[in-house]
$ cat run.cif   # mmCIF, C-alpha atoms
data_entry
loop_
_atom_site.label_atom_id
_atom_site.label_comp_id
_atom_site.auth_asym_id
_atom_site.auth_seq_id
_atom_site.Cartn_x
_atom_site.Cartn_y
_atom_site.Cartn_z
CA MET A 251 -67.21 -34.97 78.23
CA ARG A 252 -65.69 -35.99 74.93
CA ARG A 253 -62.12 -35.00 74.18
CA HIS A 254 -61.15 -33.51 70.87
CA ARG A 255 -57.99 -35.13 69.60
CA GLN A 256 -56.05 -33.20 66.99
CA SER A 257 -54.69 -34.95 63.95
CA ILE A 258 -51.03 -35.01 63.00
CA TRP A 259 -51.79 -32.68 60.11
CA THR A 260 -52.41 -29.68 62.37
CA ASN A 261 -48.73 -29.58 63.42
CA SER A 262 -46.74 -28.32 60.43
CA LEU A 263 -43.41 -29.95 61.38
CA LEU A 264 -44.94 -33.34 62.06
CA SER A 265 -46.96 -33.25 58.85
CA LEU A 266 -43.85 -32.24 56.90
CA ALA A 267 -41.93 -35.18 58.43
CA VAL A 268 -44.69 -37.64 57.50
CA SER A 269 -44.83 -36.22 53.97
CA LEU A 270 -41.06 -36.47 53.60
CA LEU A 271 -41.16 -40.06 54.78
CA CYS A 272 -43.84 -40.90 52.21
CA GLY A 273 -41.90 -39.04 49.51
CA PHE A 274 -38.67 -40.90 50.25
CA GLY A 275 -40.55 -44.19 50.26
CA CYS A 276 -41.82 -43.35 46.80
CA VAL A 277 -38.31 -42.36 45.66
CA LEU A 278 -36.92 -45.68 46.89
CA SER A 279 -39.66 -47.73 45.25
CA CYS A 280 -39.23 -45.86 41.95
CA ALA A 281 -35.46 -46.30 42.14
CA VAL A 282 -35.84 -50.04 42.67
CA PHE A 283 -38.31 -50.27 39.78
CA PHE A 284 -36.10 -48.26 37.41
CA SER A 285 -33.00 -50.20 38.40
CA ALA A 286 -34.80 -53.46 37.64
CA ILE A 287 -35.82 -52.09 34.26
CA THR A 288 -32.25 -50.99 33.60
CA PHE A 289 -30.82 -54.34 34.67
CA PHE A 290 -33.21 -56.56 32.74
CA LEU A 291 -34.14 -54.55 29.64
CA MET A 292 -31.35 -52.09 28.80
CA ASP A 293 -27.88 -52.67 27.45
CA ASN A 294 -26.30 -49.34 28.36
CA MET A 295 -26.45 -46.96 31.30
CA LYS A 296 -27.02 -43.71 29.38
CA LEU A 297 -30.54 -43.17 30.73
CA LEU A 298 -29.66 -43.77 34.38
CA PRO A 299 -29.32 -40.04 35.32
CA VAL A 300 -32.67 -39.33 33.66
CA LEU A 301 -34.38 -42.19 35.49
CA SER A 302 -32.94 -41.08 38.83
CA GLY A 303 -34.20 -37.55 38.19
CA VAL A 304 -37.64 -38.92 37.33
CA SER A 305 -37.75 -40.94 40.54
CA LEU A 306 -36.76 -37.85 42.57
CA ALA A 307 -39.43 -35.76 40.85
CA ILE A 308 -42.12 -38.39 41.44
CA GLY A 309 -41.14 -38.73 45.11
CA SER A 310 -41.19 -34.99 45.67
CA TYR A 311 -44.55 -34.68 43.93
CA VAL A 312 -46.08 -37.49 46.00
CA GLY A 313 -44.74 -36.16 49.30
CA ALA A 314 -46.01 -32.65 48.64
CA PHE A 315 -49.33 -34.01 47.33
CA ILE A 316 -49.88 -35.86 50.60
CA CYS A 317 -48.97 -32.76 52.60
CA GLY A 318 -51.26 -30.55 50.52
CA LYS A 319 -54.15 -33.01 50.54
CA HIS A 320 -54.21 -33.35 54.30
CA ARG A 321 -53.18 -29.83 55.39
CA ARG A 322 -55.56 -28.15 52.89
CA ARG A 323 -53.78 -24.78 52.86
CA ARG A 324 -50.71 -23.06 51.38
CA GLY A 325 -50.04 -25.84 48.87
CA LEU A 326 -47.51 -23.95 46.78
CA ILE A 327 -45.39 -22.80 49.73
CA GLU A 328 -45.52 -26.05 51.71
CA GLY A 329 -44.91 -28.14 48.59
CA ALA A 330 -41.83 -26.08 47.75
CA ILE A 331 -40.65 -26.41 51.37
CA CYS A 332 -41.17 -30.17 51.16
CA GLY A 333 -39.05 -30.26 47.97
CA LEU A 334 -36.39 -28.11 49.65
CA PHE A 335 -36.16 -30.44 52.64
CA MET A 336 -35.95 -33.44 50.30
CA TYR A 337 -33.03 -31.72 48.58
CA LEU A 338 -31.34 -31.04 51.92
CA LEU A 339 -31.71 -34.66 52.97
CA CYS A 340 -30.40 -35.89 49.60
CA SER A 341 -27.45 -33.49 49.92
CA PHE A 342 -26.73 -34.69 53.45
CA TYR A 343 -26.80 -38.36 52.48
CA GLY A 344 -24.79 -37.68 49.34
CA LEU A 345 -22.20 -35.80 51.34
CA ALA A 346 -22.02 -38.59 53.91
CA ALA A 347 -21.82 -41.41 51.38
CA LEU A 348 -19.90 -39.91 48.45
CA SER A 349 -18.20 -36.86 50.01
CA SER A 350 -19.65 -34.62 47.30
CA LEU A 351 -22.58 -32.23 47.14
CA THR A 352 -25.57 -32.82 44.90
CA ASP A 353 -26.17 -30.65 41.87
CA ILE A 354 -28.15 -27.43 42.22
CA ARG A 355 -30.40 -28.54 39.34
CA LYS A 356 -31.86 -31.16 41.67
CA LEU A 357 -32.93 -28.36 43.99
CA LEU A 358 -34.85 -26.77 41.14
CA LEU A 359 -36.36 -30.11 40.10
CA LEU A 360 -37.43 -31.05 43.62
CA THR A 361 -38.79 -27.59 44.43
CA ILE A 362 -40.86 -27.29 41.25
CA SER A 363 -42.26 -30.81 41.45
CA GLY A 364 -42.98 -30.34 45.17
CA ALA A 365 -44.81 -27.08 44.51
CA ALA A 366 -46.87 -28.74 41.77
CA GLY A 367 -47.71 -31.63 44.08
CA GLY A 368 -48.72 -29.28 46.88
CA VAL A 369 -51.02 -27.27 44.62
CA THR A 370 -52.58 -30.43 43.22
CA GLY A 371 -53.06 -31.84 46.71
CA VAL A 372 -54.80 -28.72 48.01
CA ASN A 373 -57.11 -28.61 45.00
CA SER A 374 -57.97 -32.32 45.16
CA LYS A 375 -60.95 -33.87 46.91
CA ARG A 376 -60.90 -33.65 50.70
CA PRO A 377 -60.07 -36.92 52.50
CA GLU A 378 -63.12 -38.44 54.18
CA ASN A 379 -61.45 -39.51 57.43
CA LEU A 380 -59.62 -36.23 58.05
CA ARG A 381 -60.11 -34.76 61.51
CA ASN A 382 -59.44 -31.12 62.22
#

$ encode --input "run.cif" --output "structure tokens"
Amino acid sequence: MRRHRQSIWTNSLLSLAVSLLCGFGCVLSCAVFFSAITFFLMDNMKLLPVLSGVSLAIGSYVGAFICGKHRRRRGLIEGAICGLFMYLLCSFYGLAALSSLTDIRKLLLLTISGAAGGVTGVNSKRPENLRN
């Protein structure tokens, strides 16, 4: 008799962890790209806070989009939760490295972009190789 193997997307904690990992990978790649642009093309550092906020928003959107695309339910709630956990991890690493908390505006930015990514992911085309 054939066994039915569940995918990682049926477990909400495991799927959230995978989505957070993908989101942080996107944040790191955007940060490297924007730092290269800043180093090679710009003379001043005035736009650096804006570029770091953009990389955080893109990472939160991508992580929640992946979670919403594969879980296929509750995109707004799970996207906002994904953004919240990204904020908590950024706060933890900021507290460990710099001994200061991150700004509360980043919570709003990450939560809104995560919710938008989750909604977009749920409403996008279903992945072909998804097993339920």

$ residues_around --input "run.cif" --residues "region 288-302 of chain A" --least-positions-apart "6" --cutoff "9 Å" --atoms "all atoms listed in the file" --output "list in words"
Val277, Cys280 and Ala281 of chain A

$ write_last_selection --input "run.cif" --atoms "C-alpha atoms" --output "mmCIF file, in the coordinates of the input"
data_model
loop_
_atom_site.group_PDB
_atom_site.id
_atom_site.type_symbol
_atom_site.label_atom_id
_atom_site.label_comp_id
_atom_site.auth_asym_id
_atom_site.auth_seq_id
_atom_site.Cartn_x
_atom_site.Cartn_y
_atom_site.Cartn_z
ATOM 1 C CA VAL A 277 -38.310 -42.360 45.660
ATOM 2 C CA CYS A 280 -39.230 -45.860 41.950
ATOM 3 C CA ALA A 281 -35.460 -46.300 42.140
#

$ closest_residue --input "run.cif" --among "A:Ala346, A:Ser310, A:Arg322, A:Ser285" --to "Leu334 (chain A)" --atoms "all atoms listed in the file"
A:Ser310

$ residues_around --input "run.cif" --residues "Asn373 (chain A)" --least-positions-apart "2" --cutoff "12 Å" --atoms "all atoms listed in the file" --output "ChimeraX atom specification"
/A:315-326,366-371,375-377

$ write_last_selection --input "run.cif" --atoms "C-alpha atoms" --output "mmCIF file, in the frame of the given file"
data_model
loop_
_atom_site.group_PDB
_atom_site.id
_atom_site.type_symbol
_atom_site.label_atom_id
_atom_site.label_comp_id
_atom_site.auth_asym_id
_atom_site.auth_seq_id
_atom_site.Cartn_x
_atom_site.Cartn_y
_atom_site.Cartn_z
ATOM 1 C CA PHE A 315 -49.330 -34.010 47.330
ATOM 2 C CA ILE A 316 -49.880 -35.860 50.600
ATOM 3 C CA CYS A 317 -48.970 -32.760 52.600
ATOM 4 C CA GLY A 318 -51.260 -30.550 50.520
ATOM 5 C CA LYS A 319 -54.150 -33.010 50.540
ATOM 6 C CA HIS A 320 -54.210 -33.350 54.300
ATOM 7 C CA ARG A 321 -53.180 -29.830 55.390
ATOM 8 C CA ARG A 322 -55.560 -28.150 52.890
ATOM 9 C CA ARG A 323 -53.780 -24.780 52.860
ATOM 10 C CA ARG A 324 -50.710 -23.060 51.380
ATOM 11 C CA GLY A 325 -50.040 -25.840 48.870
ATOM 12 C CA LEU A 326 -47.510 -23.950 46.780
ATOM 13 C CA ALA A 366 -46.870 -28.740 41.770
ATOM 14 C CA GLY A 367 -47.710 -31.630 44.080
ATOM 15 C CA GLY A 368 -48.720 -29.280 46.880
ATOM 16 C CA VAL A 369 -51.020 -27.270 44.620
ATOM 17 C CA THR A 370 -52.580 -30.430 43.220
ATOM 18 C CA GLY A 371 -53.060 -31.840 46.710
ATOM 19 C CA LYS A 375 -60.950 -33.870 46.910
ATOM 20 C CA ARG A 376 -60.900 -33.650 50.700
ATOM 21 C CA PRO A 377 -60.070 -36.920 52.500
#

$ resolve_selection --input "run.cif" --expression "the PyMOL selection byres ((chain A and resi 340) around 10)" --output "list in words"
Phe274, Leu306, Leu334, Phe335, Met336, Tyr337, Leu338, Leu339, Ser341, Phe342, Tyr343, Gly344, Leu345, Ala346, Leu351, Thr352, Lys356 and Leu357 of chain A

$ atom_distance --input "run.cif" --atom1 "CA of Ser265 (chain A)" --atom2 "CA of Gly303 (chain A)"
24.7 Å

$ closest_residue --input "run.cif" --among "A:Cys332, A:Val304, A:Ala286, A:Leu359" --to "Cys272 (chain A)" --atoms "all atoms listed in the file"
A:Cys332

$ closest_residue --input "run.cif" --among "A:Ala365, A:Val372, A:Leu278, A:Ala267" --to "Ile331 (chain A)" --atoms "only C-alpha atoms"
A:Ala365

$ closest_residue --input "run.cif" --among "A:Ala314, A:Ile362, A:Ile287, A:Cys276" --to "Glu328 (chain A)" --atoms "only C-alpha atoms"
A:Ala314

$ atom_distance --input "run.cif" --atom1 "CA of Asp353 (chain A)" --atom2 "CA of Leu266 (chain A)"
23.3 Å

$ residues_near_point --input "run.cif" --point "(-43.3, -33.5, 45.9)" --cutoff "6 Å" --atoms "all atoms listed in the file" --output "PyMOL selection string"
chain A and resi 309-314+333+363-364+367

$ atom_distance --input "run.cif" --atom1 "CA of Val268 (chain A)" --atom2 "CA of Leu360 (chain A)"
17.0 Å

$ decode --input "run.cif" --residues "region 301-322 of chain A" --atoms "N, CA, C and O atoms" --output "PDB file, in the first residue's frame"
ATOM      1  N   LEU A 301      17.369  52.646   1.781  1.00  0.00           N
ATOM      2  CA  LEU A 301      17.702  51.399   1.098  1.00  0.00           C
ATOM      3  C   LEU A 301      17.624  50.200   2.034  1.00  0.00           C
ATOM      4  O   LEU A 301      17.220  49.107   1.621  1.00  0.00           O
ATOM      5  N   SER A 302      17.981  50.385   3.300  1.00  0.00           N
ATOM      6  CA  SER A 302      17.846  49.270   4.247  1.00  0.00           C
ATOM      7  C   SER A 302      16.373  48.973   4.521  1.00  0.00           C
ATOM      8  O   SER A 302      15.993  47.810   4.670  1.00  0.00           O
ATOM      9  N   GLY A 303      15.542  49.996   4.575  1.00  0.00           N
ATOM     10  CA  GLY A 303      14.105  49.776   4.735  1.00  0.00           C
ATOM     11  C   GLY A 303      13.498  49.078   3.529  1.00  0.00           C
ATOM     12  O   GLY A 303      12.625  48.211   3.675  1.00  0.00           O
ATOM     13  N   VAL A 304      13.968  49.437   2.344  1.00  0.00           N
ATOM     14  CA  VAL A 304      13.478  48.784   1.126  1.00  0.00           C
ATOM     15  C   VAL A 304      13.884  47.314   1.108  1.00  0.00           C
ATOM     16  O   VAL A 304      13.079  46.443   0.753  1.00  0.00           O
ATOM     17  N   SER A 305      15.102  47.013   1.520  1.00  0.00           N
ATOM     18  CA  SER A 305      15.525  45.611   1.537  1.00  0.00           C
ATOM     19  C   SER A 305      14.739  44.807   2.580  1.00  0.00           C
ATOM     20  O   SER A 305      14.392  43.648   2.336  1.00  0.00           O
ATOM     21  N   LEU A 306      14.418  45.411   3.717  1.00  0.00           N
ATOM     22  CA  LEU A 306      13.591  44.726   4.710  1.00  0.00           C
ATOM     23  C   LEU A 306      12.177  44.481   4.183  1.00  0.00           C
ATOM     24  O   LEU A 306      11.603  43.407   4.383  1.00  0.00           O
ATOM     25  N   ALA A 307      11.614  45.477   3.502  1.00  0.00           N
ATOM     26  CA  ALA A 307      10.264  45.332   2.964  1.00  0.00           C
ATOM     27  C   ALA A 307      10.216  44.262   1.875  1.00  0.00           C
ATOM     28  O   ALA A 307       9.276  43.452   1.825  1.00  0.00           O
ATOM     29  N   ILE A 308      11.214  44.235   1.017  1.00  0.00           N
ATOM     30  CA  ILE A 308      11.263  43.223  -0.043  1.00  0.00           C
ATOM     31  C   ILE A 308      11.408  41.825   0.560  1.00  0.00           C
ATOM     32  O   ILE A 308      10.748  40.876   0.145  1.00  0.00           O
ATOM     33  N   GLY A 309      12.259  41.683   1.564  1.00  0.00           N
ATOM     34  CA  GLY A 309      12.452  40.385   2.208  1.00  0.00           C
ATOM     35  C   GLY A 309      11.200  39.894   2.913  1.00  0.00           C
ATOM     36  O   GLY A 309      10.857  38.713   2.837  1.00  0.00           O
ATOM     37  N   SER A 310      10.506  40.793   3.586  1.00  0.00           N
ATOM     38  CA  SER A 310       9.269  40.406   4.258  1.00  0.00           C
ATOM     39  C   SER A 310       8.191  40.034   3.251  1.00  0.00           C
ATOM     40  O   SER A 310       7.443  39.072   3.449  1.00  0.00           O
ATOM     41  N   TYR A 311       8.111  40.772   2.163  1.00  0.00           N
ATOM     42  CA  TYR A 311       7.143  40.471   1.117  1.00  0.00           C
ATOM     43  C   TYR A 311       7.418  39.099   0.500  1.00  0.00           C
ATOM     44  O   TYR A 311       6.503  38.298   0.316  1.00  0.00           O
ATOM     45  N   VAL A 312       8.677  38.825   0.206  1.00  0.00           N
ATOM     46  CA  VAL A 312       9.035  37.550  -0.431  1.00  0.00           C
ATOM     47  C   VAL A 312       8.779  36.375   0.516  1.00  0.00           C
ATOM     48  O   VAL A 312       8.234  35.344   0.111  1.00  0.00           O
ATOM     49  N   GLY A 313       9.159  36.513   1.775  1.00  0.00           N
ATOM     50  CA  GLY A 313       8.927  35.436   2.732  1.00  0.00           C
ATOM     51  C   GLY A 313       7.447  35.129   2.917  1.00  0.00           C
ATOM     52  O   GLY A 313       7.031  33.972   2.921  1.00  0.00           O
ATOM     53  N   ALA A 314       6.631  36.169   3.037  1.00  0.00           N
ATOM     54  CA  ALA A 314       5.196  35.962   3.199  1.00  0.00           C
ATOM     55  C   ALA A 314       4.554  35.469   1.907  1.00  0.00           C
ATOM     56  O   ALA A 314       3.589  34.708   1.934  1.00  0.00           O
ATOM     57  N   PHE A 315       5.086  35.893   0.759  1.00  0.00           N
ATOM     58  CA  PHE A 315       4.573  35.419  -0.526  1.00  0.00           C
ATOM     59  C   PHE A 315       4.794  33.915  -0.657  1.00  0.00           C
ATOM     60  O   PHE A 315       3.897  33.180  -1.087  1.00  0.00           O
ATOM     61  N   ILE A 316       5.968  33.452  -0.271  1.00  0.00           N
ATOM     62  CA  ILE A 316       6.263  32.019  -0.335  1.00  0.00           C
ATOM     63  C   ILE A 316       5.354  31.248   0.620  1.00  0.00           C
ATOM     64  O   ILE A 316       4.815  30.200   0.274  1.00  0.00           O
ATOM     65  N   CYS A 317       5.161  31.775   1.814  1.00  0.00           N
ATOM     66  CA  CYS A 317       4.273  31.120   2.776  1.00  0.00           C
ATOM     67  C   CYS A 317       2.842  31.083   2.257  1.00  0.00           C
ATOM     68  O   CYS A 317       2.170  30.052   2.317  1.00  0.00           O
ATOM     69  N   GLY A 318       2.354  32.183   1.714  1.00  0.00           N
ATOM     70  CA  GLY A 318       0.996  32.232   1.201  1.00  0.00           C
ATOM     71  C   GLY A 318       0.796  31.387  -0.037  1.00  0.00           C
ATOM     72  O   GLY A 318      -0.253  30.772  -0.229  1.00  0.00           O
ATOM     73  N   LYS A 319       1.802  31.328  -0.887  1.00  0.00           N
ATOM     74  CA  LYS A 319       1.682  30.556  -2.126  1.00  0.00           C
ATOM     75  C   LYS A 319       1.607  29.062  -1.848  1.00  0.00           C
ATOM     76  O   LYS A 319       0.872  28.342  -2.508  1.00  0.00           O
ATOM     77  N   HIS A 320       2.346  28.599  -0.878  1.00  0.00           N
ATOM     78  CA  HIS A 320       2.369  27.170  -0.611  1.00  0.00           C
ATOM     79  C   HIS A 320       1.342  26.726   0.427  1.00  0.00           C
ATOM     80  O   HIS A 320       0.875  25.602   0.379  1.00  0.00           O
ATOM     81  N   ARG A 321       0.979  27.582   1.384  1.00  0.00           N
ATOM     82  CA  ARG A 321      -0.026  27.193   2.378  1.00  0.00           C
ATOM     83  C   ARG A 321      -1.435  27.350   1.830  1.00  0.00           C
ATOM     84  O   ARG A 321      -2.327  26.621   2.216  1.00  0.00           O
ATOM     85  N   ARG A 322      -1.672  28.348   0.981  1.00  0.00           N
ATOM     86  CA  ARG A 322      -2.934  28.562   0.279  1.00  0.00           C
ATOM     87  C   ARG A 322      -4.113  28.903   1.191  1.00  0.00           C
ATOM     88  O   ARG A 322      -5.253  28.680   0.834  1.00  0.00           O
TER      89      ARG A 322
END
